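Structure, as C-alpha cells:
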Amino acid sequence: MLGVPRGRLALIDGFTADQLAEFDALVARRAAGEPVQHLVGIAGFRHLELAVGPGVFVPRPETELLAGWGVTLITAGATVVDLCAGSGAIALSVANEVPGARVYAVERSPAALSWLRRNAEARAAAGDTPIRVVEGDVTDPAVLAELDGTVDVVLCNPPYVPAGAAVPADVADHDPYDAVFAGADGLEVIRPVIARAAALLRPGGYLVVEHDDSHATVVPALLRADGRFVDIEDHQDLAGRSRYSTARHVADCTP
Ligand SMILES: C[S@@+](CC[C@H](N)C(=O)[O-])C[C@H]1O[C@@H](n2cnc3c(N)ncnc32)[C@H](O)[C@@H]1O
C-alpha cells in the first residue's frame, strides 16, 4: 500500500487521505476474517517471501521446522521431492538454502499450481536453483515413478485435518478444502504418501511428514507398519504440539 518494506515503515511521514482510505478498507477485510497474507499478497516462510492468495494454502510457521529438518540433511546434487507443494514453500526453501539440490514439487490443484509456478519462476529469476514443478496426484504411483529408488529426501505437508473437525473461520473460509481436510480420520493422504515415499526413496533416504497434533502416535505407527522405515521419530512444534514425523528408508526390506 505504501510501497515500502516493513523495516522502513517508521520512516514514513504520514498517510495521504487515499492511503488512509485504502488502509481502512484492508482493516475491514481483516476484521471480516480474510488472512493478512491475502491482504498483502505475500507470506513469509524461512528466508523467502512467497506470493499467495485465493486458491492456495497459506504456508504456516510450524512447517518451517519440517523444512529446516530436511535442509540439514540435503546437500548439493541431492534429489529431493516435495509432495503436496502448495505455494512451493518447502521446495523453494530447499532450493534457496541448498544450491544445487535437484528439487521436484508435486501438486494437484490447478489453482495452487499457478501460485507455485509463479513463485518458482520468481525464485529462479532471483538466482535460486530452479525447481521442477510436477502436476499430479501424490497418491498415484505413476507420478515421478522414474525416480523410484533414487530420492534422497521426501518432504510432505499434506492435508491432514479430519473431515468435520472444527477449524478457525479464516481456515474454513480461505484455505482450500483439499489443502486442509483428508477424510474422516485425516489420514487419507498420509497413508498413500508413506507408501509412495517408501517407493521413491533410495535405501538410507529420509521422509519427513507433517501431521495433525492428534496423530502423534498414529503416524509413527503407520511408518512402522509399512516395514520399510527405521529411525522413526516424532517431533513437536514451537508450541509443544506433536507436528511431524521423520523416518529413514531401510535397505533390503520386503514391504
Ligand atoms: C497443507 S497444504 C501444504 C502446502 C505447502 N506444502 C505448505 O506447506 O505450505 C497441502 C497441499 O496438498 C495439495 N494436495 C492435496 N491432496 C493432494 C494430492 N492427492 N496430490 C497432490 N496434491 C495434493 C493441496 O492442494 C495443497 O496445496
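The chains in the C-alpha cells are called A, B, ... from first to last as shown; in each chain the residues are counted from 1, and the ligands are counted from 1 in the order shown.
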With 7 Å as the cut-off and only C-alpha atoms and all ligand atoms counted, what is the closest atom pair between each nearby residue of chain A and ligand 1? Distances in Å to one decimal, ordered by chain and number, as CSV.
residue,atom,partner,partner_atom_place_in_ligand_line,distance
A:Val56,CA,ligand 1,27 (O),6.0
A:Phe57,CA,ligand 1,2 (S),5.4
A:Val58,CA,ligand 1,9 (O),5.8
A:Pro59,CA,ligand 1,9 (O),3.5
A:Arg60,CA,ligand 1,9 (O),6.3
A:Thr63,CA,ligand 1,8 (O),5.8
A:Leu83,CA,ligand 1,21 (C),6.7
A:Cys84,CA,ligand 1,12 (O),3.6
A:Ala85,CA,ligand 1,6 (N),3.9
A:Gly86,CA,ligand 1,27 (O),3.4
A:Ser87,CA,ligand 1,5 (C),5.8
A:Gly88,CA,ligand 1,5 (C),6.0
A:Ala89,CA,ligand 1,9 (O),5.4
A:Ile90,CA,ligand 1,6 (N),5.9
A:Val106,CA,ligand 1,21 (C),6.1
A:Glu107,CA,ligand 1,22 (N),4.0
A:Arg108,CA,ligand 1,21 (C),4.0
A:Ser109,CA,ligand 1,25 (O),4.7
A:Ala112,CA,ligand 1,27 (O),5.7
A:Gly136,CA,ligand 1,21 (C),5.8
A:Asp137,CA,ligand 1,20 (N),3.4
A:Val138,CA,ligand 1,20 (N),4.0
A:Thr139,CA,ligand 1,19 (N),5.4
A:Cys156,CA,ligand 1,6 (N),6.4
A:Asn157,CA,ligand 1,6 (N),4.8
A:Pro158,CA,ligand 1,10 (C),4.4
A:Pro159,CA,ligand 1,1 (C),4.5
A:Asp178,CA,ligand 1,15 (C),5.2
A:Ala179,CA,ligand 1,26 (C),3.8
A:Val180,CA,ligand 1,1 (C),5.4
A:Val189,CA,ligand 1,19 (N),6.2
Residue neighbourhood Pro5 in chain A, 12 Å, only C-alpha atoms, exclusion window fewer than 5 positions, as a PDB file with N, CA and C atoms, in the first residue's frame:
ATOM      1  N   ALA A  10       8.645   2.974   9.919  1.00  0.00           N
ATOM      2  CA  ALA A  10       8.839   4.008  10.945  1.00  0.00           C
ATOM      3  C   ALA A  10       9.348   5.312  10.337  1.00  0.00           C
ATOM      4  N   LEU A  11       9.844   5.257   9.112  1.00  0.00           N
ATOM      5  CA  LEU A  11      10.384   6.458   8.468  1.00  0.00           C
ATOM      6  C   LEU A  11       9.340   7.206   7.641  1.00  0.00           C
ATOM      7  N   ILE A  12       8.121   6.647   7.574  1.00  0.00           N
ATOM      8  CA  ILE A  12       7.062   7.297   6.789  1.00  0.00           C
ATOM      9  C   ILE A  12       6.547   8.530   7.539  1.00  0.00           C
ATOM     10  N   VAL A  40      -1.973  -8.672   1.912  1.00  0.00           N
ATOM     11  CA  VAL A  40      -0.704  -8.100   1.419  1.00  0.00           C
ATOM     12  C   VAL A  40      -0.153  -8.883   0.231  1.00  0.00           C
ATOM     13  N   GLU A  49       9.864 -14.743   0.700  1.00  0.00           N
ATOM     14  CA  GLU A  49       8.524 -14.169   0.652  1.00  0.00           C
ATOM     15  C   GLU A  49       7.846 -14.776  -0.567  1.00  0.00           C
TER      16      GLU A  49
END
| query | Where does DSSP see strand (DSSP E or B) in range 103-176 of chain A, if you list the residues as a list in words? | reply | Val103, Tyr104, Ala105, Val106, Glu107, Arg132, Val133, Val134, Glu135, Val151, Asp152, Val153, Val154, Leu155, Cys156 and Val161 of chain A
Write the residues of the preceding selection, restricted to all heavy atoms, as a compact mmCIF listing (two decimals), in the first residue's frame.
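The resulting out10.txt:
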# COMPACT_ATOMS: atom_id res chain seq x y z
N VAL A 103 15.33 -30.40 -7.01
CA VAL A 103 14.09 -30.37 -6.23
C VAL A 103 12.87 -30.51 -7.14
O VAL A 103 12.71 -29.75 -8.11
CB VAL A 103 13.97 -29.06 -5.42
CG1 VAL A 103 12.71 -29.09 -4.56
CG2 VAL A 103 15.21 -28.86 -4.54
N TYR A 104 12.02 -31.47 -6.82
CA TYR A 104 10.75 -31.68 -7.52
C TYR A 104 9.61 -31.27 -6.58
O TYR A 104 9.64 -31.62 -5.39
CB TYR A 104 10.56 -33.15 -7.90
CG TYR A 104 11.58 -33.66 -8.89
CD1 TYR A 104 12.86 -34.02 -8.48
CD2 TYR A 104 11.26 -33.79 -10.23
CE1 TYR A 104 13.80 -34.49 -9.38
CE2 TYR A 104 12.20 -34.26 -11.16
CZ TYR A 104 13.46 -34.61 -10.72
OH TYR A 104 14.39 -35.08 -11.62
N ALA A 105 8.60 -30.58 -7.12
CA ALA A 105 7.46 -30.14 -6.31
C ALA A 105 6.18 -30.66 -6.97
O ALA A 105 5.87 -30.28 -8.10
CB ALA A 105 7.42 -28.62 -6.23
N VAL A 106 5.46 -31.54 -6.26
CA VAL A 106 4.26 -32.16 -6.84
C VAL A 106 3.00 -31.54 -6.22
O VAL A 106 2.89 -31.45 -4.99
CB VAL A 106 4.24 -33.69 -6.58
CG1 VAL A 106 3.04 -34.32 -7.27
CG2 VAL A 106 5.54 -34.33 -7.05
N GLU A 107 2.08 -31.14 -7.08
CA GLU A 107 0.84 -30.52 -6.62
C GLU A 107 -0.27 -30.89 -7.61
O GLU A 107 -0.02 -31.02 -8.80
CB GLU A 107 1.04 -28.99 -6.54
CG GLU A 107 -0.20 -28.17 -6.26
CD GLU A 107 -0.92 -28.52 -4.96
OE1 GLU A 107 -0.29 -28.57 -3.90
OE2 GLU A 107 -2.14 -28.76 -5.01
N ARG A 132 11.65 -28.24 -10.25
CA ARG A 132 10.80 -28.83 -11.29
C ARG A 132 9.40 -28.98 -10.72
O ARG A 132 9.20 -29.68 -9.73
CB ARG A 132 11.33 -30.20 -11.70
CG ARG A 132 12.72 -30.15 -12.35
CD ARG A 132 13.49 -31.40 -12.02
NE ARG A 132 14.71 -31.57 -12.81
CZ ARG A 132 15.92 -31.15 -12.43
NH1 ARG A 132 16.10 -30.51 -11.28
NH2 ARG A 132 16.98 -31.37 -13.19
N VAL A 133 8.43 -28.31 -11.34
CA VAL A 133 7.04 -28.37 -10.89
C VAL A 133 6.34 -29.51 -11.63
O VAL A 133 6.41 -29.59 -12.86
CB VAL A 133 6.32 -27.03 -11.15
CG1 VAL A 133 4.83 -27.16 -10.85
CG2 VAL A 133 6.95 -25.92 -10.31
N VAL A 134 5.69 -30.40 -10.86
CA VAL A 134 5.04 -31.57 -11.44
C VAL A 134 3.56 -31.53 -11.08
O VAL A 134 3.21 -31.50 -9.90
CB VAL A 134 5.67 -32.87 -10.91
CG1 VAL A 134 4.97 -34.09 -11.49
CG2 VAL A 134 7.16 -32.90 -11.20
N GLU A 135 2.70 -31.52 -12.12
CA GLU A 135 1.26 -31.58 -11.87
C GLU A 135 0.86 -33.03 -11.69
O GLU A 135 1.09 -33.86 -12.59
CB GLU A 135 0.50 -30.96 -13.05
CG GLU A 135 -1.01 -31.02 -12.85
CD GLU A 135 -1.75 -30.21 -13.91
OE1 GLU A 135 -1.12 -29.74 -14.88
OE2 GLU A 135 -2.98 -30.04 -13.74
N VAL A 151 15.56 -41.26 -4.63
CA VAL A 151 15.36 -39.95 -3.97
C VAL A 151 16.04 -39.94 -2.60
O VAL A 151 15.95 -40.89 -1.83
CB VAL A 151 13.85 -39.65 -3.84
CG1 VAL A 151 13.60 -38.38 -3.04
CG2 VAL A 151 13.23 -39.54 -5.23
N ASP A 152 16.72 -38.83 -2.30
CA ASP A 152 17.43 -38.72 -1.02
C ASP A 152 16.50 -38.29 0.11
O ASP A 152 16.63 -38.79 1.23
CB ASP A 152 18.58 -37.72 -1.17
CG ASP A 152 19.63 -38.22 -2.15
OD1 ASP A 152 20.37 -39.15 -1.80
OD2 ASP A 152 19.67 -37.70 -3.28
N VAL A 153 15.63 -37.34 -0.17
CA VAL A 153 14.73 -36.84 0.89
C VAL A 153 13.36 -36.54 0.28
O VAL A 153 13.26 -35.88 -0.75
CB VAL A 153 15.29 -35.55 1.54
CG1 VAL A 153 14.33 -35.03 2.62
CG2 VAL A 153 16.67 -35.79 2.16
N VAL A 154 12.31 -37.05 0.94
CA VAL A 154 10.93 -36.70 0.61
C VAL A 154 10.38 -35.85 1.75
O VAL A 154 10.46 -36.25 2.92
CB VAL A 154 10.05 -37.96 0.43
CG1 VAL A 154 8.57 -37.56 0.27
CG2 VAL A 154 10.49 -38.77 -0.78
N LEU A 155 9.87 -34.67 1.40
CA LEU A 155 9.24 -33.80 2.39
C LEU A 155 7.77 -33.66 2.03
O LEU A 155 7.43 -33.56 0.84
CB LEU A 155 9.89 -32.42 2.38
CG LEU A 155 11.41 -32.37 2.52
CD1 LEU A 155 12.03 -31.98 1.19
CD2 LEU A 155 11.83 -31.37 3.58
N CYS A 156 6.90 -33.63 3.04
CA CYS A 156 5.48 -33.56 2.73
C CYS A 156 4.70 -32.88 3.85
O CYS A 156 4.77 -33.30 5.00
CB CYS A 156 4.94 -34.98 2.52
SG CYS A 156 3.18 -35.02 2.13
N VAL A 161 -6.31 -32.69 8.39
CA VAL A 161 -7.35 -32.46 9.40
C VAL A 161 -8.52 -33.40 9.12
O VAL A 161 -8.98 -33.52 7.97
CB VAL A 161 -7.82 -30.99 9.37
CG1 VAL A 161 -8.96 -30.77 10.37
CG2 VAL A 161 -6.64 -30.05 9.65
| query | So how far away is CA of Val230 in chain A from CA of Ile131 in chain A, in Å? | reply |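 Straight-line distance from CA of Ile131 in chain A to CA of Val230 in chain A works out to 28.8 Å.
Shortest atom-to-atom contact with Asn119 in chain A among A:Gly41, A:Pro168, A:Gly33, A:Gly7: A:Gly41, counting only C-alpha atoms.
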| said: Report, in Å to a single decimal, how far apart CA of Leu201 in chain A and CA of Thr79 in chain A are. | reply: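 Here the two named atoms are 9.4 Å from each other.
CA of Ala21 in chain A lies 17.7 Å from CA of Glu34 in chain A.
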| task | Have a look at A:Asp82, A:Glu22, A:Asp140, A:Asp212 and name the one nearest to Arg241 in chain A; count only C-alpha atoms. | result |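 For Arg241 in chain A, the nearest of the candidates is A:Asp212.
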| request: Would you kindly return, as a VMD selection string, each protein, DNA or RNA residue with an atom no farther than 9 Å from any atom of Gln37 in chain A, considering only C-alpha atoms and excluding same-chain residues fewer than 4 positions away? | output: chain A and resid 41 to 44 51 to 53 58
| task | From range 70-181 of chain A, collect each residue whose DSSP state is helix (DSSP H, G or I) and return the set as an NGL selection string. | result | :A and (70-71 or 89-97 or 110-125 or 145-147 or 169-174 or 177-180)
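The shortest atom-to-atom distance to Arg202 in chain A, with only C-alpha atoms taken into account, belongs to A:Leu147 out of A:Val4, A:Leu147, A:Val36, A:Val98.
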